>>> print(open('data00.csv').read())   # CSV, N, CA and C atoms and all ligand atoms
chain,number,residue,atom,x,y,z
A,1,MET,N,0.8,-1.2,0.0
A,1,MET,CA,0.0,0.0,0.0
A,1,MET,C,0.9,1.3,0.0
A,2,ILE,N,1.9,1.2,0.8
A,2,ILE,CA,2.9,2.4,0.8
A,2,ILE,C,3.5,2.5,-0.6
A,3,GLU,N,3.9,1.4,-1.1
A,3,GLU,CA,4.5,1.4,-2.5
A,3,GLU,C,3.6,2.0,-3.5
A,4,LEU,N,2.3,1.7,-3.4
A,4,LEU,CA,1.3,2.3,-4.3
A,4,LEU,C,1.3,3.8,-4.1
A,5,ARG,N,1.4,4.3,-2.9
A,5,ARG,CA,1.3,5.7,-2.7
A,5,ARG,C,2.6,6.4,-3.4
A,6,ASP,N,3.7,5.7,-3.3
A,6,ASP,CA,4.9,6.3,-3.9
A,6,ASP,C,4.7,6.3,-5.4
A,7,LYS,N,4.1,5.3,-5.9
A,7,LYS,CA,3.9,5.2,-7.4
A,7,LYS,C,3.0,6.3,-7.9
A,8,VAL,N,1.9,6.5,-7.1
A,8,VAL,CA,1.0,7.6,-7.5
A,8,VAL,C,1.7,8.9,-7.4
A,9,ALA,N,2.5,9.1,-6.4
A,9,ALA,CA,3.2,10.4,-6.2
A,9,ALA,C,4.2,10.6,-7.3
A,10,ARG,N,4.9,9.5,-7.7
A,10,ARG,CA,5.8,9.7,-8.9
A,10,ARG,C,5.0,10.0,-10.2
A,11,GLY,N,3.9,9.3,-10.3
A,11,GLY,CA,3.1,9.6,-11.5
A,11,GLY,C,2.6,11.0,-11.6
A,12,LEU,N,2.3,11.6,-10.4
A,12,LEU,CA,1.8,12.9,-10.3
A,12,LEU,C,3.0,13.9,-10.6
A,13,ALA,N,4.1,13.6,-10.1
A,13,ALA,CA,5.3,14.5,-10.4
A,13,ALA,C,5.6,14.5,-11.9
A,14,GLU,N,5.5,13.3,-12.5
A,14,GLU,CA,5.8,13.1,-13.9
A,14,GLU,C,4.7,13.9,-14.7
A,15,ALA,N,3.5,13.8,-14.3
A,15,ALA,CA,2.4,14.4,-15.0
A,15,ALA,C,2.6,15.9,-15.1
A,16,GLU,N,3.1,16.5,-13.9
A,16,GLU,CA,3.3,17.9,-13.9
A,16,GLU,C,4.5,18.3,-14.7
A,17,ARG,N,5.5,17.4,-14.7
A,17,ARG,CA,6.7,17.7,-15.5
A,17,ARG,C,6.4,17.7,-17.0
A,18,LYS,N,5.5,16.7,-17.4
A,18,LYS,CA,5.2,16.6,-18.8
A,18,LYS,C,4.0,17.5,-19.2
A,19,ARG,N,3.6,18.3,-18.3
A,19,ARG,CA,2.5,19.3,-18.6
A,19,ARG,C,1.3,18.6,-19.1
A,20,TYR,N,0.8,17.6,-18.4
A,20,TYR,CA,-0.5,17.0,-18.7
A,20,TYR,C,-1.6,18.1,-18.5
A,21,SER,N,-2.8,17.8,-19.0
A,21,SER,CA,-3.8,18.8,-18.8
A,21,SER,C,-4.2,18.9,-17.4
A,22,PRO,N,-4.7,20.1,-17.0
A,22,PRO,CA,-5.1,20.3,-15.6
A,22,PRO,C,-6.1,19.2,-15.1
A,23,GLU,N,-7.0,18.8,-16.0
A,23,GLU,CA,-8.0,17.8,-15.6
A,23,GLU,C,-7.3,16.5,-15.2
A,24,GLN,N,-6.3,16.1,-16.0
A,24,GLN,CA,-5.6,14.9,-15.7
A,24,GLN,C,-4.8,15.0,-14.4
A,25,ILE,N,-4.2,16.1,-14.2
A,25,ILE,CA,-3.4,16.3,-13.0
A,25,ILE,C,-4.3,16.4,-11.8
A,26,ASP,N,-5.5,17.0,-11.9
A,26,ASP,CA,-6.4,17.0,-10.8
A,26,ASP,C,-6.9,15.6,-10.5
A,27,LYS,N,-7.1,14.8,-11.5
A,27,LYS,CA,-7.5,13.4,-11.2
A,27,LYS,C,-6.4,12.7,-10.4
A,28,LEU,N,-5.2,12.9,-10.9
A,28,LEU,CA,-4.1,12.2,-10.2
A,28,LEU,C,-4.0,12.7,-8.7
A,29,ARG,N,-4.1,14.0,-8.6
A,29,ARG,CA,-4.0,14.6,-7.2
A,29,ARG,C,-5.1,14.0,-6.3
A,30,GLU,N,-6.3,13.9,-6.9
A,30,GLU,CA,-7.4,13.4,-6.1
A,30,GLU,C,-7.1,11.9,-5.7
A,31,ALA,N,-6.6,11.2,-6.7
A,31,ALA,CA,-6.3,9.8,-6.4
A,31,ALA,C,-5.3,9.7,-5.3
A,32,HIS,N,-4.3,10.5,-5.4
A,32,HIS,CA,-3.2,10.5,-4.4
A,32,HIS,C,-3.7,10.9,-3.0
A,33,ARG,N,-4.6,11.9,-3.0
A,33,ARG,CA,-5.1,12.4,-1.7
A,33,ARG,C,-6.0,11.3,-1.1
A,34,GLN,N,-6.8,10.6,-1.9
A,34,GLN,CA,-7.7,9.6,-1.3
A,34,GLN,C,-6.8,8.4,-0.8
A,35,LEU,N,-5.8,8.1,-1.6
A,35,LEU,CA,-4.9,7.0,-1.2
A,35,LEU,C,-4.2,7.3,0.1
A,36,CYS,N,-3.7,8.5,0.2
A,36,CYS,CA,-3.0,8.9,1.5
A,36,CYS,C,-4.0,8.8,2.6
A,37,ALA,N,-5.2,9.3,2.4
A,37,ALA,CA,-6.2,9.3,3.5
A,37,ALA,C,-6.5,7.8,3.9
A,38,ARG,N,-6.6,7.0,2.9
A,38,ARG,CA,-7.0,5.6,3.2
A,38,ARG,C,-5.8,4.9,4.0
A,39,ILE,N,-4.6,5.2,3.5
A,39,ILE,CA,-3.4,4.6,4.2
A,39,ILE,C,-3.3,5.1,5.6
A,40,ASP,N,-3.6,6.4,5.8
A,40,ASP,CA,-3.5,7.0,7.1
A,40,ASP,C,-4.7,6.6,8.0
A,41,GLY,N,-5.7,5.9,7.4
A,41,GLY,CA,-6.8,5.4,8.2
A,41,GLY,C,-7.8,6.6,8.4
A,42,VAL,N,-7.8,7.6,7.5
A,42,VAL,CA,-8.7,8.7,7.7
A,42,VAL,C,-9.6,8.8,6.4
A,43,GLU,N,-10.8,9.1,6.7
A,43,GLU,CA,-11.7,9.2,5.5
A,43,GLU,C,-11.3,10.4,4.7
A,44,PRO,N,-11.5,10.4,3.4
A,44,PRO,CA,-11.2,11.6,2.6
A,44,PRO,C,-12.0,12.8,3.2
A,45,CYS,N,-11.4,13.9,3.2
A,45,CYS,CA,-12.0,15.1,3.7
A,45,CYS,C,-13.2,15.5,2.9
A,46,ARG,N,-14.3,15.8,3.5
A,46,ARG,CA,-15.5,16.2,2.8
A,46,ARG,C,-15.7,17.7,2.8
A,47,HIS,N,-14.7,18.4,3.3
A,47,HIS,CA,-14.6,19.8,3.4
A,47,HIS,C,-15.8,20.5,4.0
A,48,PRO,N,-16.2,20.0,5.2
A,48,PRO,CA,-17.5,20.5,5.8
A,48,PRO,C,-17.3,22.0,6.2
A,49,ARG,N,-16.1,22.5,6.3
A,49,ARG,CA,-16.0,23.9,6.8
A,49,ARG,C,-15.3,24.8,5.7
A,50,ALA,N,-15.5,24.3,4.5
A,50,ALA,CA,-14.9,25.1,3.3
A,50,ALA,C,-15.5,26.5,3.4
A,51,VAL,N,-14.6,27.5,3.2
A,51,VAL,CA,-15.0,28.9,3.2
A,51,VAL,C,-14.9,29.5,1.7
A,52,PRO,N,-15.9,30.3,1.3
A,52,PRO,CA,-15.8,30.9,0.0
A,52,PRO,C,-14.7,31.9,-0.1
A,53,VAL,N,-14.1,31.9,-1.3
A,53,VAL,CA,-13.0,32.9,-1.6
A,53,VAL,C,-13.6,33.8,-2.6
A,54,ASP,N,-13.7,35.1,-2.3
A,54,ASP,CA,-14.4,36.0,-3.1
A,54,ASP,C,-13.4,36.8,-4.0
A,55,GLN,N,-13.8,37.1,-5.2
A,55,GLN,CA,-13.0,38.0,-6.0
A,55,GLN,C,-13.1,39.4,-5.5
A,56,ALA,N,-12.0,40.0,-5.3
A,56,ALA,CA,-11.9,41.3,-4.5
A,56,ALA,C,-12.8,42.4,-5.2
A,57,ILE,N,-12.8,42.5,-6.5
A,57,ILE,CA,-13.4,43.6,-7.1
A,57,ILE,C,-14.9,43.4,-7.3
A,58,THR,N,-15.3,42.2,-7.8
A,58,THR,CA,-16.7,42.0,-8.1
A,58,THR,C,-17.5,41.4,-6.9
A,59,GLY,N,-16.7,40.7,-5.9
A,59,GLY,CA,-17.3,40.1,-4.8
A,59,GLY,C,-17.9,38.7,-5.1
A,60,ASP,N,-17.7,38.3,-6.4
A,60,ASP,CA,-18.2,36.9,-6.8
A,60,ASP,C,-17.3,35.9,-6.1
A,61,THR,N,-18.0,34.8,-5.8
A,61,THR,CA,-17.2,33.6,-5.2
A,61,THR,C,-16.5,32.9,-6.3
A,62,ILE,N,-15.2,32.8,-6.3
A,62,ILE,CA,-14.5,32.2,-7.4
A,62,ILE,C,-13.9,30.8,-7.0
A,63,ALA,N,-13.9,30.5,-5.7
A,63,ALA,CA,-13.4,29.2,-5.3
A,63,ALA,C,-13.8,29.1,-3.8
A,64,TYR,N,-13.5,27.9,-3.3
A,64,TYR,CA,-13.7,27.6,-1.9
A,64,TYR,C,-12.4,27.1,-1.3
A,65,LEU,N,-12.1,27.4,-0.1
A,65,LEU,CA,-10.9,26.9,0.5
A,65,LEU,C,-11.3,26.1,1.8
A,66,CYS,N,-10.8,24.8,1.9
A,66,CYS,CA,-11.1,24.0,3.1
A,66,CYS,C,-9.9,24.2,4.1
A,67,PRO,N,-10.2,24.7,5.3
A,67,PRO,CA,-9.2,24.9,6.3
A,67,PRO,C,-8.7,23.6,6.9
A,68,ASP,N,-9.5,22.5,6.7
A,68,ASP,CA,-9.2,21.2,7.4
A,68,ASP,C,-8.1,20.5,6.6
A,69,CYS,N,-8.1,20.6,5.3
A,69,CYS,CA,-7.2,19.8,4.5
A,69,CYS,C,-6.4,20.8,3.6
A,70,ASP,N,-6.6,22.1,3.7
A,70,ASP,CA,-5.9,23.1,3.0
A,70,ASP,C,-6.0,22.8,1.5
A,71,THR,N,-7.2,22.5,1.0
A,71,THR,CA,-7.4,22.3,-0.4
A,71,THR,C,-8.3,23.4,-1.0
A,72,GLN,N,-7.9,23.8,-2.2
A,72,GLN,CA,-8.8,24.8,-2.8
A,72,GLN,C,-9.8,24.0,-3.7
A,73,LEU,N,-11.0,24.4,-3.6
A,73,LEU,CA,-12.1,23.7,-4.2
A,73,LEU,C,-12.6,24.5,-5.3
A,74,PRO,N,-13.2,23.9,-6.4
A,74,PRO,CA,-13.7,24.7,-7.5
A,74,PRO,C,-14.9,25.5,-7.2
A,75,GLU,N,-15.1,26.5,-8.0
A,75,GLU,CA,-16.2,27.4,-7.8
A,75,GLU,C,-17.6,26.7,-7.6
A,76,GLY,N,-17.7,25.6,-8.3
A,76,GLY,CA,-19.0,24.8,-8.3
A,76,GLY,C,-19.2,24.0,-7.0
A,77,PHE,N,-18.2,24.0,-6.1
A,77,PHE,CA,-18.3,23.2,-4.9
A,77,PHE,C,-19.4,23.7,-4.0
A,78,LYS,N,-20.2,22.8,-3.5
A,78,LYS,CA,-21.3,23.1,-2.6
A,78,LYS,C,-21.0,22.7,-1.2
A,79,PRO,N,-20.7,23.6,-0.3
A,79,PRO,CA,-20.4,23.3,1.1
A,79,PRO,C,-21.6,22.6,1.7
A,80,SER,N,-21.4,21.6,2.5
A,80,SER,CA,-22.5,21.0,3.2
A,80,SER,C,-22.1,20.6,4.7
A,81,ASP,N,-23.1,20.6,5.5
A,81,ASP,CA,-22.8,20.4,6.9
A,81,ASP,C,-22.8,18.9,7.3
A,82,THR,N,-23.2,18.1,6.3
A,82,THR,CA,-23.3,16.7,6.6
A,82,THR,C,-22.0,16.0,6.7
A,101,ZN,ZN,-11.2,19.4,3.2
>>> encode(input="data00.csv", output="structure tokens")
Amino acid sequence: MIELRDKVARGLAEAERKRYSPEQIDKLREAHRQLCARIDGVEPCRHPRAVPVDQAITGDTIAYLCPDCDTQLPEGFKPSDT
């Protein structure tokens, strides 16, 4: 299981080096994060306390930031208390 984590981490580094599309890198990142969480015996973070990040000029919410796992979430993310 630890070996698998190293493999995914290496794949992620290589994807960034080879300039894969952001979607592919995001998928790899997510896979790596979930794998780490499983190895550590922790459920993947559901970002229950994600806070909106507002664009300074327009005040529009452009992203969310989860203080628990320090992950930036896409604009379409819907925070939930569950
Ligand atoms: Zn989170």
>>> select_by_dssp(input="data00.csv", residues="chain A", states="helix (DSSP H, G or I)", output="PyMOL selection string")
chain A and resi 2-17+22-39
>>> residues_around(input="data00.csv", residues="stretch 66-80 of chain A", least_positions_apart="4", cutoff="8 Å", atoms="only N, CA and C atoms", output="ChimeraX atom specification")
/A:45-52,61-62
>>> closest_residue(input="data00.csv", among="A:Leu4, A:Gly41, A:Pro22, A:Glu30", to="ligand ZN 101 (chain A)", atoms="only C-alpha atoms and all ligand atoms")
A:Glu30
>>> atom_distance(input="data00.csv", atom1="atom CA of A:Arg19", atom2="atom CA of A:Cys36")
23.3 Å
>>> residues_around(input="data00.csv", residues="A:Ile25", least_positions_apart="6", cutoff="10 Å", atoms="only C-alpha atoms", output="PDB file with N, CA and C atoms, in the coordinates of the input")
ATOM      1  N   GLY A  11       3.900   9.300 -10.300  1.00  0.00           N
ATOM      2  CA  GLY A  11       3.100   9.600 -11.500  1.00  0.00           C
ATOM      3  C   GLY A  11       2.600  11.000 -11.600  1.00  0.00           C
ATOM      4  N   LEU A  12       2.300  11.600 -10.400  1.00  0.00           N
ATOM      5  CA  LEU A  12       1.800  12.900 -10.300  1.00  0.00           C
ATOM      6  C   LEU A  12       3.000  13.900 -10.600  1.00  0.00           C
ATOM      7  N   ALA A  13       4.100  13.600 -10.100  1.00  0.00           N
ATOM      8  CA  ALA A  13       5.300  14.500 -10.400  1.00  0.00           C
ATOM      9  C   ALA A  13       5.600  14.500 -11.900  1.00  0.00           C
ATOM     10  N   GLU A  14       5.500  13.300 -12.500  1.00  0.00           N
ATOM     11  CA  GLU A  14       5.800  13.100 -13.900  1.00  0.00           C
ATOM     12  C   GLU A  14       4.700  13.900 -14.700  1.00  0.00           C
ATOM     13  N   ALA A  15       3.500  13.800 -14.300  1.00  0.00           N
ATOM     14  CA  ALA A  15       2.400  14.400 -15.000  1.00  0.00           C
ATOM     15  C   ALA A  15       2.600  15.900 -15.100  1.00  0.00           C
ATOM     16  N   GLU A  16       3.100  16.500 -13.900  1.00  0.00           N
ATOM     17  CA  GLU A  16       3.300  17.900 -13.900  1.00  0.00           C
ATOM     18  C   GLU A  16       4.500  18.300 -14.700  1.00  0.00           C
ATOM     19  N   ARG A  19       3.600  18.300 -18.300  1.00  0.00           N
ATOM     20  CA  ARG A  19       2.500  19.300 -18.600  1.00  0.00           C
ATOM     21  C   ARG A  19       1.300  18.600 -19.100  1.00  0.00           C
ATOM     22  N   ALA A  31      -6.600  11.200  -6.700  1.00  0.00           N
ATOM     23  CA  ALA A  31      -6.300   9.800  -6.400  1.00  0.00           C
ATOM     24  C   ALA A  31      -5.300   9.700  -5.300  1.00  0.00           C
TER      25      ALA A  31
END
>>> closest_residue(input="data00.csv", among="A:Arg38, A:Asp54, A:Asp60, A:Pro44", to="ligand ZN 101 (chain A)", atoms="only N, CA and C atoms and all ligand atoms")
A:Pro44
>>> residues_around(input="data00.csv", residues="A:His32", least_positions_apart="4", cutoff="9 Å", atoms="only C-alpha atoms", output="ChimeraX atom specification")
/A:5,8-9,12,27-28,36-37
>>> atom_distance(input="data00.csv", atom1="atom CA of A:Tyr64", atom2="atom CA of A:Arg17")
26.4 Å
>>> closest_residue(input="data00.csv", among="A:Asp6, A:Asp40, A:Gln55, A:Gln34", to="ligand ZN 101 (chain A)", atoms="only C-alpha atoms and all ligand atoms")
A:Gln34
